[in-house]
Amino acid sequence: LIWGEQLVRSWFNEFGPLPLGLASESYTVGERISNICIFERIHHGNWSSIPVDLAMAIQKMALHLVDRIEYQPGDLTSNHVVNNGRALLIAGHSLGLKNLIDLGRELIRERLPVLVSGDGFLREGSSHYQLLFARWLVECWLVVYEKQDYSTLKILEPQLKRILVACHFFFVSDSRGRI
């Protein structure tokens, strides 16, 4: 645990929570937020035990992300908006910030039907993103399940079931049928 937190602090000491350039683009910031929160959850056993200095950095990154959501209106697709929503949802639950939870939930609620077909495939047609997207939603499910966020569970669970079933399409088995 100490090793991991030292790595995060080392990054922040060198570059800050919002460095110049590509490292502060929305997708990257969202990944950093989600991964720090998940790391802390794994090592502390709950979502709310983030050290104060890291929590402050996460909040700063989340507020930065709020102003830079990668939203494409209408039927335009971009899975990045769900990644943005994932980061805000996880940060909101980890920091106890309802406004982040609400925005993350709404982004996911509004975009899932646009991005995912009725049979659970990502409309972009990418096998790589199908599996990555599924992982993002499983991570969202984990935090909302553990935090008993039934409003978000109601949105996630039906979509997640279809998405996970669709992932089976990409499994390759050997001659004995083993994956």
# chains A, B, ... in the order shown; residues from 1 in each chain; ligands from 1
call {"tool": "closest_atom_pairs", "arguments": {"of": "segment 57-92 of chain A", "to": "segment 151-165 of chain A", "cutoff": "12 Å", "atoms": "only C-alpha atoms", "output": "tab-separated table"}}
result
residue	atom	partner	partner_atom	distance
A:Val82	CA	A:Leu156	CA	11.7
A:Gly85	CA	A:Thr152	CA	11.6
A:Arg86	CA	A:Thr152	CA	11.3
A:Leu89	CA	A:Thr152	CA	9.4
A:Ile90	CA	A:Thr152	CA	11.6
call {"tool": "write_last_selection", "arguments": {"atoms": "C-alpha atoms", "output": "JSON list (two decimals), in the first residue's frame"}}
result
[["chain", "number", "residue", "atom", "x", "y", "z"],
["A", 82, "VAL", "CA", -18.79, 6.73, -20.35],
["A", 85, "GLY", "CA", -18.90, 9.20, -16.20],
["A", 86, "ARG", "CA", -17.14, 6.23, -14.63],
["A", 89, "LEU", "CA", -19.16, 8.18, -10.33],
["A", 90, "ILE", "CA", -16.22, 6.43, -8.65]]
call {"tool": "residues_around", "arguments": {"residues": "segment 120-126 of chain A", "least_positions_apart": "3", "cutoff": "7 Å", "atoms": "only C-alpha atoms", "output": "PDB file with N, CA, C and O atoms, in the first residue's frame"}}
result
ATOM      1  N   LEU A 115     -24.739   4.108 -27.222  1.00  0.00           N
ATOM      2  CA  LEU A 115     -23.470   3.458 -27.520  1.00  0.00           C
ATOM      3  C   LEU A 115     -23.556   1.941 -27.648  1.00  0.00           C
ATOM      4  O   LEU A 115     -22.688   1.327 -28.272  1.00  0.00           O
ATOM      5  N   VAL A 116     -24.589   1.337 -27.055  1.00  0.00           N
ATOM      6  CA  VAL A 116     -24.675  -0.123 -26.999  1.00  0.00           C
ATOM      7  C   VAL A 116     -25.926  -0.588 -27.740  1.00  0.00           C
ATOM      8  O   VAL A 116     -27.027  -0.083 -27.487  1.00  0.00           O
ATOM      9  N   SER A 117     -25.750  -1.558 -28.615  1.00  0.00           N
ATOM     10  CA  SER A 117     -26.881  -2.122 -29.359  1.00  0.00           C
ATOM     11  C   SER A 117     -27.751  -2.966 -28.433  1.00  0.00           C
ATOM     12  O   SER A 117     -27.335  -3.319 -27.319  1.00  0.00           O
ATOM     13  N   TYR A 129     -12.454  -2.326 -27.538  1.00  0.00           N
ATOM     14  CA  TYR A 129     -13.268  -1.452 -26.703  1.00  0.00           C
ATOM     15  C   TYR A 129     -14.452  -2.180 -26.092  1.00  0.00           C
ATOM     16  O   TYR A 129     -14.932  -1.794 -25.033  1.00  0.00           O
ATOM     17  N   GLN A 130     -14.944  -3.232 -26.719  1.00  0.00           N
ATOM     18  CA  GLN A 130     -16.032  -4.021 -26.124  1.00  0.00           C
ATOM     19  C   GLN A 130     -15.585  -4.529 -24.756  1.00  0.00           C
ATOM     20  O   GLN A 130     -16.301  -4.406 -23.769  1.00  0.00           O
ATOM     21  N   ARG A 162     -26.186  -7.610 -20.764  1.00  0.00           N
ATOM     22  CA  ARG A 162     -26.112  -7.776 -22.226  1.00  0.00           C
ATOM     23  C   ARG A 162     -24.693  -7.579 -22.748  1.00  0.00           C
ATOM     24  O   ARG A 162     -24.239  -8.303 -23.628  1.00  0.00           O
ATOM     25  N   ILE A 163     -23.992  -6.597 -22.188  1.00  0.00           N
ATOM     26  CA  ILE A 163     -22.622  -6.306 -22.631  1.00  0.00           C
ATOM     27  C   ILE A 163     -21.695  -7.477 -22.312  1.00  0.00           C
ATOM     28  O   ILE A 163     -20.872  -7.871 -23.137  1.00  0.00           O
ATOM     29  N   ALA A 166     -22.340 -10.334 -24.641  1.00  0.00           N
ATOM     30  CA  ALA A 166     -21.751 -10.033 -25.954  1.00  0.00           C
ATOM     31  C   ALA A 166     -20.237 -10.254 -25.954  1.00  0.00           C
ATOM     32  O   ALA A 166     -19.666 -10.622 -26.987  1.00  0.00           O
TER      33      ALA A 166
END
call {"tool": "atom_distance", "arguments": {"atom1": "atom CA of Asn99 of chain A", "atom2": "atom CA of Leu132 of chain A"}}
result
25.8 Å
call {"tool": "atom_distance", "arguments": {"atom1": "atom CA of Ser34 of chain A", "atom2": "atom CA of Ala87 of chain A"}}
result
5.0 Å
call {"tool": "closest_residue", "arguments": {"among": "A:Ile33, A:Asn46, A:Glu40, A:Leu112", "to": "His64 of chain A", "atoms": "only C-alpha atoms"}}
result
A:Ile33
call {"tool": "atom_distance", "arguments": {"atom1": "atom CA of Leu22 of chain A", "atom2": "atom CA of Leu142 of chain A"}}
result
28.8 Å
call {"tool": "closest_residue", "arguments": {"among": "A:Pro113, A:Pro51, A:Gly4, A:Gly92", "to": "Asn79 of chain A", "atoms": "only C-alpha atoms"}}
result
A:Pro113
call {"tool": "closest_residue", "arguments": {"among": "A:Ser175, A:Asn35, A:Leu131, A:Leu54", "to": "Arg9 of chain A", "atoms": "only C-alpha atoms"}}
result
A:Leu54
call {"tool": "closest_residue", "arguments": {"among": "A:Val138, A:Phe39, A:Leu95, A:Asp102", "to": "Val66 of chain A", "atoms": "only C-alpha atoms"}}
result
A:Asp102
call {"tool": "residues_around", "arguments": {"residues": "segment 29-32 of chain A", "least_positions_apart": "5", "cutoff": "12 Å", "atoms": "only C-alpha atoms", "output": "number ranges by chain"}}
result
A: 8, 11-12, 16-24, 37-39, 54, 57-70, 80-91, 104, 132, 136, 139
call {"tool": "select_by_dssp", "arguments": {"residues": "chain A", "states": "helix (DSSP H, G or I)", "output": "PyMOL selection string"}}
result
chain A and resi 2-15+21-24+26-44+52-66+80-95+98-115+127-146+150-170
call {"tool": "write_last_selection", "arguments": {"atoms": "C-alpha atoms", "output": "CSV table (one decimal), in the first residue's frame"}}
result
chain,number,residue,atom,x,y,z
A,2,ILE,CA,2.6,2.5,1.0
A,3,TRP,CA,4.6,1.7,-2.2
A,4,GLY,CA,1.5,2.5,-4.4
A,5,GLU,CA,0.6,5.7,-2.6
A,6,GLN,CA,4.3,6.8,-2.8
A,7,LEU,CA,4.2,6.3,-6.6
A,8,VAL,CA,1.0,8.4,-6.9
A,9,ARG,CA,2.5,11.1,-4.6
A,10,SER,CA,5.7,11.0,-6.6
A,11,TRP,CA,3.7,11.7,-9.8
A,12,PHE,CA,1.8,14.6,-8.2
A,13,ASN,CA,5.0,16.1,-6.7
A,14,GLU,CA,6.7,16.0,-10.2
A,15,PHE,CA,3.7,17.0,-12.4
A,21,GLY,CA,-0.4,18.8,-22.2
A,22,LEU,CA,-1.8,15.3,-23.0
A,23,ALA,CA,-1.7,14.2,-19.3
A,24,SER,CA,-4.6,16.6,-18.5
A,26,SER,CA,-10.2,14.2,-20.1
A,27,TYR,CA,-9.7,10.5,-20.9
A,28,THR,CA,-6.3,10.5,-19.1
A,29,VAL,CA,-7.6,12.4,-16.1
A,30,GLY,CA,-10.5,10.0,-15.9
A,31,GLU,CA,-8.2,7.0,-16.0
A,32,ARG,CA,-6.0,8.5,-13.2
A,33,ILE,CA,-9.1,9.2,-11.0
A,34,SER,CA,-10.6,5.8,-11.4
A,35,ASN,CA,-7.3,3.9,-11.0
A,36,ILE,CA,-6.3,5.7,-7.8
A,37,CYS,CA,-9.8,5.2,-6.3
A,38,ILE,CA,-9.8,1.5,-7.2
A,39,PHE,CA,-6.3,1.0,-5.9
A,40,GLU,CA,-7.2,2.6,-2.6
A,41,ARG,CA,-10.4,0.5,-2.4
A,42,ILE,CA,-8.5,-2.7,-2.9
A,43,HIS,CA,-5.9,-1.8,-0.3
A,44,HIS,CA,-8.2,-0.2,2.4
A,52,VAL,CA,-6.5,13.5,2.5
A,53,ASP,CA,-3.8,14.7,0.1
A,54,LEU,CA,-4.8,12.1,-2.5
A,55,ALA,CA,-8.5,12.9,-2.0
A,56,MET,CA,-7.8,16.6,-2.6
A,57,ALA,CA,-5.9,15.8,-5.8
A,58,ILE,CA,-8.8,13.5,-7.0
A,59,GLN,CA,-11.3,16.2,-6.3
A,60,LYS,CA,-9.3,18.7,-8.2
A,61,MET,CA,-9.0,16.3,-11.2
A,62,ALA,CA,-12.7,15.5,-11.0
A,63,LEU,CA,-13.7,19.2,-11.1
A,64,HIS,CA,-11.4,19.7,-14.1
A,65,LEU,CA,-13.1,16.7,-15.8
A,66,VAL,CA,-16.6,18.1,-15.1
A,80,HIS,CA,-15.0,8.2,-23.8
A,81,VAL,CA,-18.0,9.9,-22.3
A,82,VAL,CA,-18.8,6.7,-20.3
A,83,ASN,CA,-15.2,6.6,-19.1
A,84,ASN,CA,-15.7,10.3,-17.9
A,85,GLY,CA,-18.9,9.2,-16.2
A,86,ARG,CA,-17.1,6.2,-14.6
A,87,ALA,CA,-14.4,8.5,-13.2
A,88,LEU,CA,-17.0,10.9,-11.8
A,89,LEU,CA,-19.2,8.2,-10.3
A,90,ILE,CA,-16.2,6.4,-8.7
A,91,ALA,CA,-14.7,9.7,-7.4
A,92,GLY,CA,-18.1,10.9,-6.1
A,93,HIS,CA,-18.7,7.7,-4.1
A,94,SER,CA,-15.1,7.6,-2.9
A,95,LEU,CA,-15.1,11.3,-1.8
A,98,LYS,CA,-23.2,13.7,-4.5
A,99,ASN,CA,-22.9,16.2,-7.4
A,100,LEU,CA,-20.2,14.0,-9.0
A,101,ILE,CA,-22.2,10.8,-8.4
A,102,ASP,CA,-25.3,12.4,-10.0
A,103,LEU,CA,-23.3,13.7,-13.1
A,104,GLY,CA,-21.5,10.4,-13.5
A,105,ARG,CA,-24.8,8.5,-13.3
A,106,GLU,CA,-26.5,10.8,-15.8
A,107,LEU,CA,-23.7,10.5,-18.3
A,108,ILE,CA,-23.9,6.7,-18.1
A,109,ARG,CA,-27.7,6.6,-18.2
A,110,GLU,CA,-28.0,8.8,-21.2
A,111,ARG,CA,-25.2,7.4,-23.3
A,112,LEU,CA,-25.5,3.6,-22.8
A,113,PRO,CA,-28.5,3.3,-25.0
A,114,VAL,CA,-26.8,5.3,-27.7
A,115,LEU,CA,-23.5,3.5,-27.5
A,127,SER,CA,-13.5,-5.9,-29.9
A,128,HIS,CA,-10.8,-4.1,-27.9
A,129,TYR,CA,-13.3,-1.5,-26.7
A,130,GLN,CA,-16.0,-4.0,-26.1
A,131,LEU,CA,-13.9,-5.6,-23.4
A,132,LEU,CA,-12.5,-2.4,-22.1
A,133,PHE,CA,-16.0,-0.9,-22.0
A,134,ALA,CA,-17.3,-3.9,-20.1
A,135,ARG,CA,-14.5,-3.6,-17.6
A,136,TRP,CA,-15.4,0.1,-17.0
A,137,LEU,CA,-19.0,-0.8,-16.3
A,138,VAL,CA,-18.0,-3.7,-14.0
A,139,GLU,CA,-15.9,-1.2,-12.0
A,140,CYS,CA,-18.9,1.2,-11.9
A,141,TRP,CA,-21.1,-1.7,-10.8
A,142,LEU,CA,-18.7,-2.6,-8.0
A,143,VAL,CA,-18.7,0.8,-6.4
A,144,VAL,CA,-22.5,1.3,-6.7
A,145,TYR,CA,-23.2,-2.2,-5.4
A,146,GLU,CA,-20.9,-1.7,-2.4
A,150,TYR,CA,-29.7,1.5,-6.1
A,151,SER,CA,-30.5,4.3,-8.6
A,152,THR,CA,-27.3,3.6,-10.5
A,153,LEU,CA,-27.6,-0.2,-10.2
A,154,LYS,CA,-31.0,0.0,-11.8
A,155,ILE,CA,-29.4,1.7,-14.8
A,156,LEU,CA,-26.3,-0.4,-15.0
A,157,GLU,CA,-27.4,-4.0,-14.4
A,158,PRO,CA,-29.6,-4.6,-17.5
A,159,GLN,CA,-27.1,-3.1,-19.8
A,160,LEU,CA,-24.1,-4.7,-18.1
A,161,LYS,CA,-25.7,-8.2,-18.4
A,162,ARG,CA,-26.1,-7.8,-22.2
A,163,ILE,CA,-22.6,-6.3,-22.6
A,164,LEU,CA,-21.0,-9.2,-20.7
A,165,VAL,CA,-22.9,-11.8,-22.8
A,166,ALA,CA,-21.8,-10.0,-26.0
A,167,CYS,CA,-18.1,-10.3,-24.7
A,168,HIS,CA,-18.4,-14.1,-25.1
A,169,PHE,CA,-18.5,-13.6,-28.9
A,170,PHE,CA,-14.8,-12.7,-28.7
